[in-house]
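Visitor: Supplied structure: target28.cif, mmCIF, C-alpha atoms and all ligand atoms.
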```cif
data_model
loop_
_atom_site.label_atom_id
_atom_site.label_comp_id
_atom_site.auth_asym_id
_atom_site.auth_seq_id
_atom_site.Cartn_x
_atom_site.Cartn_y
_atom_site.Cartn_z
CA MET A 1 -51.00 22.33 -31.29
CA GLU A 2 -47.31 21.50 -31.77
CA ARG A 3 -45.47 23.34 -34.52
CA SER A 4 -44.76 20.22 -36.61
CA HIS A 5 -48.46 19.39 -36.67
CA LEU A 6 -49.23 22.95 -37.82
CA VAL A 7 -46.74 22.55 -40.66
CA ASP A 8 -48.34 19.22 -41.62
CA LEU A 9 -51.76 20.82 -41.50
CA HIS A 10 -50.62 23.77 -43.60
CA ASN A 11 -49.02 21.56 -46.25
CA ALA A 12 -51.93 19.20 -46.38
CA THR A 13 -54.47 22.01 -46.68
CA LYS A 14 -52.35 23.79 -49.31
CA SER A 15 -52.11 20.64 -51.40
CA GLY A 16 -55.84 20.26 -51.08
CA VAL A 17 -55.49 16.61 -50.19
CA TYR A 18 -56.84 16.62 -46.66
CA ARG A 19 -59.11 19.63 -46.46
CA ALA A 20 -61.70 17.57 -44.61
CA GLY A 21 -59.07 16.09 -42.35
CA ILE A 22 -58.59 19.04 -40.03
CA ALA A 23 -60.33 17.14 -37.25
CA ILE A 24 -57.61 14.50 -37.44
CA PHE A 25 -54.87 17.06 -36.84
CA ALA A 26 -56.90 18.76 -34.15
CA ALA A 27 -56.97 15.41 -32.37
CA TYR A 28 -53.33 16.02 -31.48
CA THR A 29 -54.35 18.50 -28.79
CA MET A 30 -54.71 16.91 -25.40
CA ASP A 31 -58.35 17.83 -24.79
CA ASP A 32 -59.52 16.57 -28.15
CA LEU A 33 -57.55 13.40 -27.78
CA THR A 34 -59.24 12.79 -24.43
CA THR A 35 -62.65 13.42 -26.00
CA ALA A 36 -61.87 11.05 -28.89
CA PHE A 37 -60.58 8.46 -26.40
CA ARG A 38 -63.89 8.60 -24.54
CA THR A 39 -66.01 8.76 -27.70
CA HIS A 40 -64.43 6.28 -30.07
CA LEU A 41 -62.69 3.76 -27.85
CA ALA A 42 -64.95 1.32 -26.04
CA GLN A 43 -64.48 1.99 -22.35
CA THR A 44 -64.01 -0.61 -19.63
CA SER A 45 -65.12 1.69 -16.81
CA PRO A 46 -66.50 5.20 -16.29
CA TYR A 47 -63.27 6.23 -14.55
CA PRO A 48 -60.21 5.31 -16.60
CA LEU A 49 -56.89 6.80 -15.47
CA ALA A 50 -56.63 8.36 -18.94
CA LEU A 51 -52.93 9.16 -18.70
CA ASP A 52 -51.80 10.25 -22.16
CA ILE A 53 -48.43 8.51 -22.42
CA VAL A 54 -46.11 9.57 -25.24
CA GLN A 55 -42.91 7.76 -24.21
CA ALA A 56 -41.87 4.85 -21.99
CA GLU A 57 -38.34 3.82 -21.05
CA GLY A 58 -37.13 1.40 -18.38
CA CYS A 59 -39.29 2.05 -15.30
CA TRP A 60 -40.50 5.45 -16.46
CA LEU A 61 -43.53 6.74 -18.34
CA THR A 62 -43.78 10.28 -19.73
CA ASP A 63 -47.11 11.95 -20.49
CA ARG A 64 -47.86 14.57 -23.13
CA SER A 65 -47.24 17.43 -20.70
CA GLY A 66 -43.74 16.06 -20.02
CA LYS A 67 -44.60 14.79 -16.54
CA ARG A 68 -42.75 11.58 -15.63
CA TYR A 69 -44.14 8.66 -13.66
CA LEU A 70 -42.24 5.90 -11.90
CA ASP A 71 -44.10 2.82 -13.12
CA LEU A 72 -44.98 0.37 -10.33
CA VAL A 73 -47.43 -1.51 -12.55
CA ALA A 74 -45.36 -2.60 -15.58
CA GLY A 75 -48.40 -2.71 -17.85
CA LEU A 76 -49.87 -5.14 -15.31
CA ALA A 77 -46.98 -7.57 -15.01
CA VAL A 78 -46.12 -7.36 -18.71
CA ASN A 79 -43.00 -5.19 -18.94
CA ASN A 80 -40.78 -7.39 -16.77
CA VAL A 81 -37.62 -6.31 -18.62
CA GLY A 82 -38.65 -2.66 -18.55
CA HIS A 83 -40.17 -0.52 -21.26
CA ARG A 84 -38.39 -0.52 -24.63
CA HIS A 85 -35.45 -2.64 -23.64
CA PRO A 86 -32.94 -2.07 -26.49
CA ARG A 87 -32.47 -5.81 -27.14
CA VAL A 88 -36.22 -6.33 -27.42
CA ILE A 89 -36.61 -3.33 -29.72
CA GLN A 90 -33.73 -4.49 -31.92
CA ALA A 91 -35.19 -7.99 -32.22
CA ILE A 92 -38.54 -6.53 -33.29
CA LYS A 93 -36.90 -4.23 -35.86
CA ASP A 94 -34.83 -7.08 -37.30
CA GLN A 95 -37.89 -9.29 -37.66
CA CYS A 96 -39.81 -6.43 -39.34
CA ASP A 97 -37.14 -6.49 -42.02
CA ARG A 98 -37.75 -10.22 -42.63
CA TYR A 99 -41.46 -11.02 -42.44
CA LEU A 100 -44.57 -10.41 -40.36
CA HIS A 101 -47.65 -12.63 -40.57
CA VAL A 102 -47.33 -15.29 -43.26
CA ILE A 103 -49.83 -18.05 -42.38
CA PRO A 104 -52.08 -19.16 -39.50
CA TYR A 105 -50.28 -20.93 -36.67
CA GLY A 106 -48.89 -24.40 -37.30
CA GLU A 107 -48.47 -24.65 -41.07
CA PHE A 108 -45.07 -23.16 -41.89
CA ILE A 109 -41.77 -23.48 -40.12
CA GLN A 110 -41.29 -20.01 -38.67
CA GLU A 111 -37.89 -19.75 -37.06
CA PRO A 112 -38.97 -17.17 -34.42
CA GLN A 113 -41.63 -19.59 -33.09
CA VAL A 114 -39.33 -22.58 -33.10
CA ARG A 115 -36.41 -20.83 -31.42
CA PHE A 116 -38.64 -19.27 -28.77
CA ALA A 117 -40.40 -22.56 -27.96
CA GLN A 118 -37.03 -24.34 -27.83
CA ARG A 119 -35.60 -21.79 -25.38
CA LEU A 120 -38.73 -21.71 -23.25
CA VAL A 121 -38.88 -25.48 -22.74
CA SER A 122 -35.15 -25.54 -21.95
CA LEU A 123 -36.11 -23.66 -18.75
CA LEU A 124 -39.01 -25.96 -17.85
CA PRO A 125 -39.08 -29.42 -16.26
CA PRO A 126 -39.57 -32.61 -18.30
CA GLY A 127 -43.19 -33.09 -19.29
CA LEU A 128 -43.51 -29.43 -20.26
CA ASP A 129 -41.79 -29.70 -23.60
CA SER A 130 -44.37 -28.67 -26.18
CA VAL A 131 -45.64 -25.10 -26.56
CA TYR A 132 -48.86 -23.93 -28.20
CA PHE A 133 -48.66 -20.18 -28.80
CA VAL A 134 -51.84 -18.07 -28.69
CA ASN A 135 -52.51 -14.33 -28.36
CA SER A 136 -53.41 -13.69 -24.72
CA GLY A 137 -53.58 -15.20 -21.26
CA THR A 138 -57.27 -15.99 -21.47
CA GLU A 139 -56.76 -17.81 -24.76
CA GLY A 140 -54.03 -19.85 -23.10
CA ILE A 141 -56.56 -20.89 -20.44
CA GLU A 142 -59.11 -21.82 -23.11
CA GLY A 143 -56.54 -23.99 -24.87
CA ALA A 144 -55.56 -25.65 -21.59
CA LEU A 145 -59.20 -26.47 -20.77
CA LYS A 146 -59.78 -28.03 -24.19
CA LEU A 147 -56.57 -30.02 -23.91
CA ALA A 148 -57.48 -31.31 -20.43
CA LYS A 149 -60.90 -32.42 -21.68
CA ARG A 150 -59.28 -34.24 -24.60
CA ILE A 151 -56.70 -35.97 -22.39
CA THR A 152 -59.13 -37.14 -19.73
CA GLY A 153 -62.35 -37.58 -21.72
CA ARG A 154 -64.06 -35.75 -18.82
CA THR A 155 -65.85 -32.42 -18.63
CA ARG A 156 -65.84 -31.23 -15.01
CA LEU A 157 -63.56 -28.29 -14.27
CA VAL A 158 -62.37 -27.07 -10.90
CA GLY A 159 -61.18 -23.54 -10.13
CA CYS A 160 -60.29 -21.75 -6.89
CA ARG A 161 -62.24 -19.19 -4.93
CA LYS A 162 -61.13 -15.59 -5.57
CA SER A 163 -59.30 -16.61 -8.73
CA TYR A 164 -58.98 -14.62 -11.93
CA HIS A 165 -58.26 -16.31 -15.27
CA GLY A 166 -59.50 -13.91 -17.96
CA SER A 167 -62.59 -12.54 -19.65
CA THR A 168 -63.60 -15.15 -22.25
CA HIS A 169 -66.36 -17.59 -21.37
CA GLY A 170 -64.22 -20.58 -20.37
CA SER A 171 -61.80 -18.49 -18.31
CA LEU A 172 -64.65 -16.58 -16.73
CA SER A 173 -66.28 -19.88 -15.77
CA LEU A 174 -63.18 -20.72 -13.74
CA THR A 175 -62.86 -17.19 -12.38
CA ASP A 176 -64.51 -16.69 -9.00
CA ASN A 177 -65.53 -13.07 -9.14
CA ALA A 178 -69.30 -12.65 -8.89
CA ASN A 179 -69.13 -9.10 -10.13
CA LYS A 180 -67.47 -10.14 -13.39
CA ARG A 181 -69.72 -13.19 -13.87
CA TYR A 182 -73.32 -12.21 -13.13
CA ARG A 183 -74.15 -10.52 -16.46
CA ASN A 184 -72.69 -13.42 -18.44
CA LEU A 185 -74.58 -16.35 -16.98
CA PRO A 186 -74.93 -19.15 -17.84
CA LEU A 187 -71.23 -19.88 -18.13
CA LEU A 188 -69.74 -23.35 -18.67
CA PRO A 189 -71.67 -26.11 -16.90
CA ASP A 190 -70.03 -28.53 -14.46
CA VAL A 191 -67.57 -26.09 -12.88
CA LEU A 192 -66.75 -26.23 -9.15
CA HIS A 193 -64.71 -23.90 -6.97
CA ILE A 194 -62.53 -25.05 -4.12
CA THR A 195 -61.13 -22.81 -1.40
CA PHE A 196 -57.59 -21.75 -2.18
CA ASN A 197 -55.11 -23.10 0.34
CA ASP A 198 -57.71 -25.25 2.16
CA ALA A 199 -57.04 -28.98 2.12
CA SER A 200 -60.54 -29.90 3.28
CA ASP A 201 -61.99 -29.09 -0.17
CA LEU A 202 -59.68 -31.43 -2.05
CA VAL A 203 -62.20 -34.30 -1.83
CA LEU A 204 -64.13 -32.43 -4.53
CA ILE A 205 -61.36 -33.36 -6.95
CA ASP A 206 -62.50 -36.83 -8.03
CA GLU A 207 -62.55 -39.14 -11.07
CA GLU A 208 -65.09 -36.87 -12.81
CA VAL A 209 -62.66 -33.94 -12.96
CA ALA A 210 -60.81 -33.05 -16.17
CA ALA A 211 -58.79 -30.11 -14.86
CA VAL A 212 -57.97 -28.25 -11.68
CA VAL A 213 -56.87 -24.72 -12.52
CA VAL A 214 -54.74 -22.89 -9.94
CA GLU A 215 -52.76 -19.67 -9.83
CA PRO A 216 -49.65 -20.76 -7.91
CA ILE A 217 -49.77 -17.32 -6.31
CA GLN A 218 -53.18 -15.67 -6.62
CA GLY A 219 -52.80 -12.24 -8.22
CA ASP A 220 -56.01 -10.29 -8.39
CA ALA A 221 -57.16 -11.74 -5.08
CA GLY A 222 -54.54 -9.39 -3.61
CA VAL A 223 -51.40 -11.57 -3.92
CA ARG A 224 -52.14 -14.72 -1.88
CA ILE A 225 -49.37 -17.25 -1.39
CA PRO A 226 -50.50 -20.82 -0.67
CA ASP A 227 -48.74 -23.21 1.71
CA GLN A 228 -46.35 -25.53 -0.06
CA ALA A 229 -48.06 -28.46 1.66
CA TRP A 230 -51.39 -27.49 0.06
CA MET A 231 -49.79 -27.25 -3.37
CA LYS A 232 -48.30 -30.70 -2.92
CA ALA A 233 -51.64 -32.08 -1.72
CA VAL A 234 -53.40 -30.68 -4.82
CA ARG A 235 -50.75 -32.31 -7.01
CA GLU A 236 -51.16 -35.64 -5.25
CA ARG A 237 -54.93 -35.52 -5.45
CA CYS A 238 -54.88 -34.72 -9.19
CA SER A 239 -52.43 -37.55 -9.85
CA LEU A 240 -54.53 -39.95 -7.78
CA VAL A 241 -57.78 -39.29 -9.67
CA GLY A 242 -56.23 -38.64 -13.10
CA ALA A 243 -57.20 -34.95 -13.31
CA MET A 244 -54.94 -32.49 -15.12
CA LEU A 245 -53.31 -29.92 -12.87
CA VAL A 246 -53.21 -26.61 -14.75
CA PHE A 247 -51.12 -23.74 -13.39
CA ASP A 248 -52.09 -20.28 -14.54
CA GLU A 249 -48.76 -18.43 -14.54
CA VAL A 250 -50.02 -15.63 -16.75
CA GLN A 251 -49.23 -13.07 -14.06
CA THR A 252 -46.60 -14.90 -12.01
CA GLY A 253 -44.30 -16.02 -14.84
CA PHE A 254 -40.93 -14.77 -16.00
CA GLY A 255 -39.31 -13.77 -12.74
CA ARG A 256 -42.17 -11.73 -11.32
CA THR A 257 -42.26 -13.62 -7.99
CA GLY A 258 -38.50 -13.96 -7.52
CA LYS A 259 -38.36 -17.33 -9.32
CA ARG A 260 -38.46 -17.81 -13.07
CA PHE A 261 -41.86 -19.45 -12.61
CA ALA A 262 -43.90 -19.40 -9.40
CA PHE A 263 -44.28 -23.20 -9.34
CA GLU A 264 -40.56 -23.30 -8.46
CA HIS A 265 -41.42 -22.01 -4.97
CA SER A 266 -43.14 -25.31 -4.13
CA GLY A 267 -41.45 -27.56 -6.67
CA VAL A 268 -44.89 -28.79 -7.75
CA VAL A 269 -44.97 -29.30 -11.53
CA PRO A 270 -48.29 -28.95 -13.36
CA ASP A 271 -49.50 -31.10 -16.26
CA ILE A 272 -50.33 -27.97 -18.25
CA LEU A 273 -48.75 -24.55 -17.77
CA VAL A 274 -50.45 -21.37 -19.02
CA LEU A 275 -48.37 -18.28 -19.80
CA GLY A 276 -49.11 -14.74 -20.98
CA LYS A 277 -48.40 -11.10 -20.12
CA ALA A 278 -44.55 -10.90 -19.90
CA LEU A 279 -44.24 -13.87 -22.28
CA GLY A 280 -44.25 -11.63 -25.37
CA GLY A 281 -41.68 -9.12 -24.11
CA GLY A 282 -44.28 -6.31 -24.28
CA LEU A 283 -46.17 -7.62 -27.31
CA PRO A 284 -49.45 -9.55 -27.02
CA MET A 285 -48.99 -13.27 -26.56
CA GLY A 286 -50.15 -16.27 -24.54
CA ALA A 287 -49.27 -19.96 -24.51
CA PHE A 288 -50.18 -23.29 -23.01
CA VAL A 289 -47.42 -25.80 -22.48
CA SER A 290 -47.62 -29.54 -21.87
CA SER A 291 -45.98 -32.75 -23.01
CA ARG A 292 -45.60 -33.47 -26.71
CA GLU A 293 -47.58 -36.68 -26.30
CA ARG A 294 -50.55 -34.83 -24.78
CA MET A 295 -50.37 -31.89 -27.17
CA THR A 296 -50.50 -34.29 -30.14
CA LEU A 297 -54.16 -34.92 -29.27
CA LEU A 298 -55.02 -31.50 -30.70
CA SER A 299 -53.77 -32.47 -34.16
CA HIS A 300 -55.79 -35.72 -34.48
CA ASP A 301 -59.44 -36.71 -34.49
CA PRO A 302 -60.28 -34.06 -35.50
CA VAL A 303 -57.25 -32.53 -37.17
CA LEU A 304 -56.94 -28.82 -36.37
CA GLY A 305 -58.45 -29.44 -32.93
CA HIS A 306 -57.34 -26.00 -31.80
CA ILE A 307 -56.43 -23.31 -34.28
CA THR A 308 -55.49 -19.64 -34.29
CA THR A 309 -54.66 -17.20 -37.08
CA PHE A 310 -52.27 -14.95 -35.18
CA GLY A 311 -51.04 -17.18 -32.35
CA GLY A 312 -47.24 -17.41 -32.50
CA HIS A 313 -46.94 -14.28 -34.62
CA PRO A 314 -43.23 -13.73 -35.33
CA LEU A 315 -43.04 -10.32 -33.62
CA PRO A 316 -44.05 -11.42 -30.11
CA CYS A 317 -41.92 -14.53 -30.59
CA VAL A 318 -38.71 -12.58 -31.25
CA ALA A 319 -39.59 -10.01 -28.60
CA GLY A 320 -40.35 -12.74 -26.09
CA LEU A 321 -37.13 -14.60 -26.84
CA ALA A 322 -35.09 -11.40 -26.48
CA ALA A 323 -36.87 -10.61 -23.20
CA LEU A 324 -36.15 -14.10 -21.91
CA GLU A 325 -32.46 -13.68 -22.70
CA VAL A 326 -32.47 -10.29 -20.93
CA LEU A 327 -34.15 -11.88 -17.90
CA GLU A 328 -31.30 -14.40 -17.72
CA ASP A 329 -28.35 -12.19 -18.72
CA GLU A 330 -29.27 -9.29 -16.43
CA ALA A 331 -30.11 -11.58 -13.48
CA LEU A 332 -33.54 -9.98 -13.17
CA VAL A 333 -34.98 -12.86 -11.18
CA THR A 334 -32.46 -12.15 -8.43
CA ASN A 335 -33.14 -8.43 -8.73
CA ALA A 336 -36.86 -9.14 -8.25
CA GLN A 337 -36.05 -10.93 -4.97
CA ARG A 338 -33.78 -8.11 -3.75
CA MET A 339 -35.99 -5.22 -4.73
CA GLY A 340 -39.09 -6.99 -3.39
CA ALA A 341 -37.35 -7.38 -0.05
CA LEU A 342 -36.36 -3.70 -0.12
CA PHE A 343 -39.97 -2.63 -0.69
CA LYS A 344 -41.05 -4.78 2.28
CA GLU A 345 -38.29 -3.36 4.46
CA ARG A 346 -39.03 0.26 3.57
CA LEU A 347 -42.83 0.23 3.53
CA VAL A 348 -43.44 0.41 7.25
CA HIS A 349 -46.19 2.78 8.37
CA PRO A 350 -49.00 2.62 10.94
CA ALA A 351 -51.56 2.66 8.08
CA ILE A 352 -49.99 -0.36 6.36
CA VAL A 353 -51.51 -3.56 7.70
CA GLU A 354 -49.23 -5.79 5.66
CA VAL A 355 -47.02 -5.86 2.56
CA ARG A 356 -47.74 -9.29 1.06
CA GLY A 357 -46.13 -11.07 -1.79
CA ALA A 358 -43.10 -12.62 -3.38
CA GLY A 359 -40.43 -10.94 -5.46
CA LEU A 360 -41.94 -7.94 -7.19
CA MET A 361 -45.53 -9.14 -7.00
CA LEU A 362 -46.64 -7.20 -3.95
CA ALA A 363 -49.87 -6.05 -2.30
CA VAL A 364 -49.73 -3.13 0.11
CA ASP A 365 -52.70 -3.85 2.34
CA LEU A 366 -54.29 -0.81 4.00
CA GLY A 367 -57.38 -2.78 5.03
CA ASN A 368 -59.59 0.01 3.69
CA ALA A 369 -60.75 0.66 0.13
CA ASP A 370 -61.23 4.39 0.60
CA ARG A 371 -57.66 4.82 1.87
CA VAL A 372 -56.38 2.86 -1.10
CA GLN A 373 -58.19 5.18 -3.50
CA ARG A 374 -56.78 8.27 -1.81
CA VAL A 375 -53.20 7.01 -1.62
CA VAL A 376 -53.05 5.70 -5.20
CA LYS A 377 -54.42 9.01 -6.48
CA ALA A 378 -52.05 11.08 -4.32
CA CYS A 379 -49.04 9.01 -5.43
CA LEU A 380 -50.02 9.47 -9.06
CA GLU A 381 -50.04 13.21 -8.56
CA GLN A 382 -46.50 12.88 -7.16
CA GLY A 383 -45.40 10.83 -10.18
CA VAL A 384 -45.66 7.27 -8.82
CA LEU A 385 -48.03 4.91 -10.61
CA GLY A 386 -49.58 2.16 -8.48
CA PHE A 387 -52.74 0.19 -9.24
CA TRP A 388 -55.68 -1.72 -7.78
CA PHE A 389 -56.71 -5.36 -7.57
CA LEU A 390 -59.92 -6.77 -9.03
CA SER A 391 -60.88 -8.67 -5.88
CA CYS A 392 -59.06 -6.91 -3.07
CA PRO A 393 -60.15 -3.28 -2.76
CA GLY A 394 -58.34 -2.75 0.55
CA ALA A 395 -54.88 -3.14 -0.98
CA PHE A 396 -52.91 -1.65 -3.85
CA ARG A 397 -50.49 -3.33 -6.20
CA ILE A 398 -46.73 -2.91 -6.56
CA ALA A 399 -45.43 -4.80 -9.59
CA PRO A 400 -42.78 -2.68 -11.35
CA PRO A 401 -40.45 -3.78 -14.11
CA LEU A 402 -37.94 -6.27 -12.67
CA THR A 403 -35.18 -3.89 -13.79
CA ILE A 404 -36.08 -1.42 -11.04
CA SER A 405 -33.04 -0.11 -9.14
CA ALA A 406 -32.57 0.35 -5.40
CA GLY A 407 -32.63 4.13 -5.96
CA GLU A 408 -35.97 3.89 -7.75
CA VAL A 409 -37.41 1.69 -4.98
CA GLU A 410 -36.22 4.26 -2.41
CA ARG A 411 -37.85 7.06 -4.36
CA ALA A 412 -41.14 5.15 -4.71
CA CYS A 413 -41.22 4.27 -1.00
CA THR A 414 -40.40 7.82 0.10
CA ILE A 415 -43.33 9.15 -1.94
CA ILE A 416 -45.75 6.39 -0.87
CA LEU A 417 -44.92 6.93 2.81
CA ALA A 418 -45.18 10.72 2.50
CA GLU A 419 -48.55 10.48 0.75
CA LEU A 420 -49.80 7.94 3.29
CA GLY A 421 -48.93 10.45 6.01
CA ARG A 422 -50.62 13.28 4.13
CA VAL A 423 -53.94 11.74 3.02
CA ILE A 424 -54.76 9.27 5.79
C1 LIG B 501 -53.71 -14.94 -13.50
C2 LIG B 501 -54.27 -14.42 -14.80
N1 LIG B 501 -54.73 -15.29 -15.71
C3 LIG B 501 -55.23 -14.89 -16.88
C4 LIG B 501 -55.32 -13.55 -17.20
C5 LIG B 501 -55.91 -13.11 -18.50
O1 LIG B 501 -54.91 -12.64 -19.35
P1 LIG B 501 -55.30 -11.71 -20.59
O2 LIG B 501 -55.80 -10.42 -20.03
O3 LIG B 501 -54.03 -11.60 -21.38
O4 LIG B 501 -56.35 -12.44 -21.36
C6 LIG B 501 -54.85 -12.60 -16.26
C7 LIG B 501 -54.94 -11.17 -16.55
O5 LIG B 501 -54.82 -10.32 -15.71
C8 LIG B 501 -54.32 -13.05 -15.04
O6 LIG B 501 -53.87 -12.19 -14.11
#
```
Go through the file and emit its structure as structure tokens.
Guide:
Amino acid sequence: MERSHLVDLHNATKSGVYRAGIAIFAAYTMDDLTTAFRTHLAQTSPYPLALDIVQAEGCWLTDRSGKRYLDLVAGLAVNNVGHRHPRVIQAIKDQCDRYLHVIPYGEFIQEPQVRFAQRLVSLLPPGLDSVYFVNSGTEGIEGALKLAKRITGRTRLVGCRKSYHGSTHGSLSLTDNANKRYRNLPLLPDVLHITFNDASDLVLIDEEVAAVVVEPIQGDAGVRIPDQAWMKAVRERCSLVGAMLVFDEVQTGFGRTGKRFAFEHSGVVPDILVLGKALGGGLPMGAFVSSRERMTLLSHDPVLGHITTFGGHPLPCVAGLAALEVLEDEALVTNAQRMGALFKERLVHPAIVEVRGAGLMLAVDLGNADRVQRVVKACLEQGVLGFWFLSCPGAFRIAPPLTISAGEVERACTIILAELGRVI
């Protein structure tokens, strides 16, 4: 136990206040913390990484033993401006001195929400000028589905094969991952899946369809980039039959793919845009964005057609706005392009089938799940944190903060290549 905790324990015991609280102080030791983590936190798998992180800065994580890790995951495409960027931290501190939660979303004028929405839409094309803030990516998808049903008066929803959109029932209905779905059936009725990047399935998008939900670059499928012609064909088909085209940019947004938003690669503009992850600058947040005219439907017949207590909380709003300014001022979108290209250039090895992706949303494909497990584990031991994909076990993910430097990319690649050579 660290000395300061012993002093706390001594004082507390002496004062007689926390005699029964010794277990709390004991929880500061690493082993007990791990036990408490496994006992009192609901687990998502039997094999969590269970790194005990005490500090994060830029592209680096430090665990309780003092070991440092070069972070190639960025909290899963969240920390695009790096961990604890000083401008983000300052914005959060300043807002803490003003107010935190004051009222459920939509009632009061809260300057952080207004300023953030204003700045966000200034970077988006016409028709995406009204923002509804929620708390997560999956909630953004739920809002988008409800909005599309309201706009079209239809109920059928279309998703893509191998997609991932979140864990709530609506998002899971669109998600094409049998393993995530089978214990939750039945999901939403009247949902179809088309093959991503295959024009022959587009006939399924007809006048019955309310929404077609697409990741402009599929993430958890192992980073799949569609042809621009397919994206344009989907857009045309949706416009022809009056279906809403919804782009899920939860993972691809905010510079991750080497453009501010991934739809800029094809120039295809959706009717509804869903955001999350990096949106809140490291704090939890999601949003769906559409035109003001369309969004107005949620405030009439019935009023309060979509409501949230915490959506648009002032802290993620100020953090998100600060992060957006950092993204622009530090030219991180360009850095994502350059550093992504450097990863591709450096990661050449007989065991690497392909390095796929755009910007700093990369999949290193080894074509073999067992090799992926061994390499990711070996790299972690050498202080480089990579991660897996939900639907692509033969590849591992590289998605670091967009602030990563050429030196850090070199270091990561040197270790990955060395470990590939050692364990394969
Ligand atoms: C493309 C995509 N959509 C939606 C989600 C769900 O976001 P959240 O986990 O914030 O609900 C994710 C999460 O990984 C995602 O990658």
Visitor: For ligand LIG 501 (chain B), collect every residue having any atom at a distance of at most 7 Å from a ligand atom (counting only C-alpha atoms and all ligand atoms); output as an MDAnalysis selection string.
Guide: chainID A and resid 136:139 164:167 215 218:220 248:251 276:277 286
Visitor: Can you pull out every residue within 10 Å of stretch 142-152 of chain A, counting only C-alpha atoms, but drop anything in the same chain fewer than 4 positions away, and send it as a PyMOL selection string?
Guide: chain A and resi 132-134+137-138+156-157+165-166+168-172+174+207-213+242-248+271-274+287-290+293-298+305-307
Visitor: Quick one: pull the distance between atom CA of A:Asp301 and atom CA of A:Ile205, Å, one decimal.
Guide: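 So the two atoms, atom CA of A:Asp301 and atom CA of A:Ile205, lie 27.8 Å apart.
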Visitor: Show me the residues close to (-53.3, -8.2, -12.1) - anything with an atom within 10 Å, counting all atoms listed in the file - and format the list as an mmCIF file with C-alpha atoms, keeping the file's coordinate frame.
Guide:
```
data_model
loop_
_atom_site.group_PDB
_atom_site.id
_atom_site.type_symbol
_atom_site.label_atom_id
_atom_site.label_comp_id
_atom_site.auth_asym_id
_atom_site.auth_seq_id
_atom_site.Cartn_x
_atom_site.Cartn_y
_atom_site.Cartn_z
ATOM 1 C CA VAL A 73 -47.430 -1.510 -12.550
ATOM 2 C CA GLY A 75 -48.400 -2.710 -17.850
ATOM 3 C CA LEU A 76 -49.870 -5.140 -15.310
ATOM 4 C CA ALA A 77 -46.980 -7.570 -15.010
ATOM 5 C CA VAL A 78 -46.120 -7.360 -18.710
ATOM 6 C CA TYR A 164 -58.980 -14.620 -11.930
ATOM 7 C CA GLN A 218 -53.180 -15.670 -6.620
ATOM 8 C CA GLY A 219 -52.800 -12.240 -8.220
ATOM 9 C CA ASP A 220 -56.010 -10.290 -8.390
ATOM 10 C CA ALA A 221 -57.160 -11.740 -5.080
ATOM 11 C CA GLY A 222 -54.540 -9.390 -3.610
ATOM 12 C CA VAL A 223 -51.400 -11.570 -3.920
ATOM 13 C CA VAL A 250 -50.020 -15.630 -16.750
ATOM 14 C CA GLN A 251 -49.230 -13.070 -14.060
ATOM 15 C CA THR A 252 -46.600 -14.900 -12.010
ATOM 16 C CA LYS A 277 -48.400 -11.100 -20.120
ATOM 17 C CA MET A 361 -45.530 -9.140 -7.000
ATOM 18 C CA PHE A 387 -52.740 0.190 -9.240
ATOM 19 C CA TRP A 388 -55.680 -1.720 -7.780
ATOM 20 C CA PHE A 389 -56.710 -5.360 -7.570
ATOM 21 C CA LEU A 390 -59.920 -6.770 -9.030
ATOM 22 C CA SER A 391 -60.880 -8.670 -5.880
ATOM 23 C CA ARG A 397 -50.490 -3.330 -6.200
ATOM 24 C CA ALA A 399 -45.430 -4.800 -9.590
#
```
Visitor: Would you compute the distance between atom CA of A:Met231 and atom CA of A:Gly320? Give it in Å to one decimal.
Guide: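 Computing it gives 28.6 Å between the two atoms.
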Visitor: Between atom CA of A:Leu362 and atom CA of A:Ile89, what is the distance in Å, rounded to a tenth?
Guide: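 Separating atom CA of A:Leu362 from atom CA of A:Ile89 is a distance of 27.9 Å.
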Visitor: Return the single residue from A:Leu128, A:Leu402, A:Val384, A:Leu188 that is closest to A:Val326, with distances computed using only C-alpha atoms.
Guide: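 Smallest separation from A:Val326 among the options: A:Leu402.
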Visitor: Find the spatial neighbours of stretch 103-114 of chain A, counting only C-alpha atoms, within a cut-off of 9 Å - ignore same-chain residues fewer than 5 positions away - and output them as an MDAnalysis selection string.
Guide: chainID A and resid 95 119 133:134 307:318 321
Visitor: Using only C-alpha atoms, which residue out of A:Gln43, A:Asn79, A:Thr35, A:Ser65 lies closest to A:Ala278?
Guide: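 Looking at the shortest contact to A:Ala278, the residue is A:Asn79.
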Visitor: If we count all atoms listed in the file, what is near stretch 331-346 of chain A at a cut-off of 12 Å, once residues fewer than 6 positions away on the same chain are taken out, given as a PyMOL selection string?
Guide: chain A and resi 72+80-82+252-262+323-325+352-365+397-417
Visitor: Padding 4 Å on each side, edges along x, y and z: where is the centre of the box around the listed atoms of stretch 264-272 of chain A, and how long are its edges in Å to one decimal? Output it as JSON.
Guide:
```
{"center_x": -45.4, "center_y": -26.6, "center_z": -11.2, "size_x": 17.8, "size_y": 17.1, "size_z": 22.1}
```
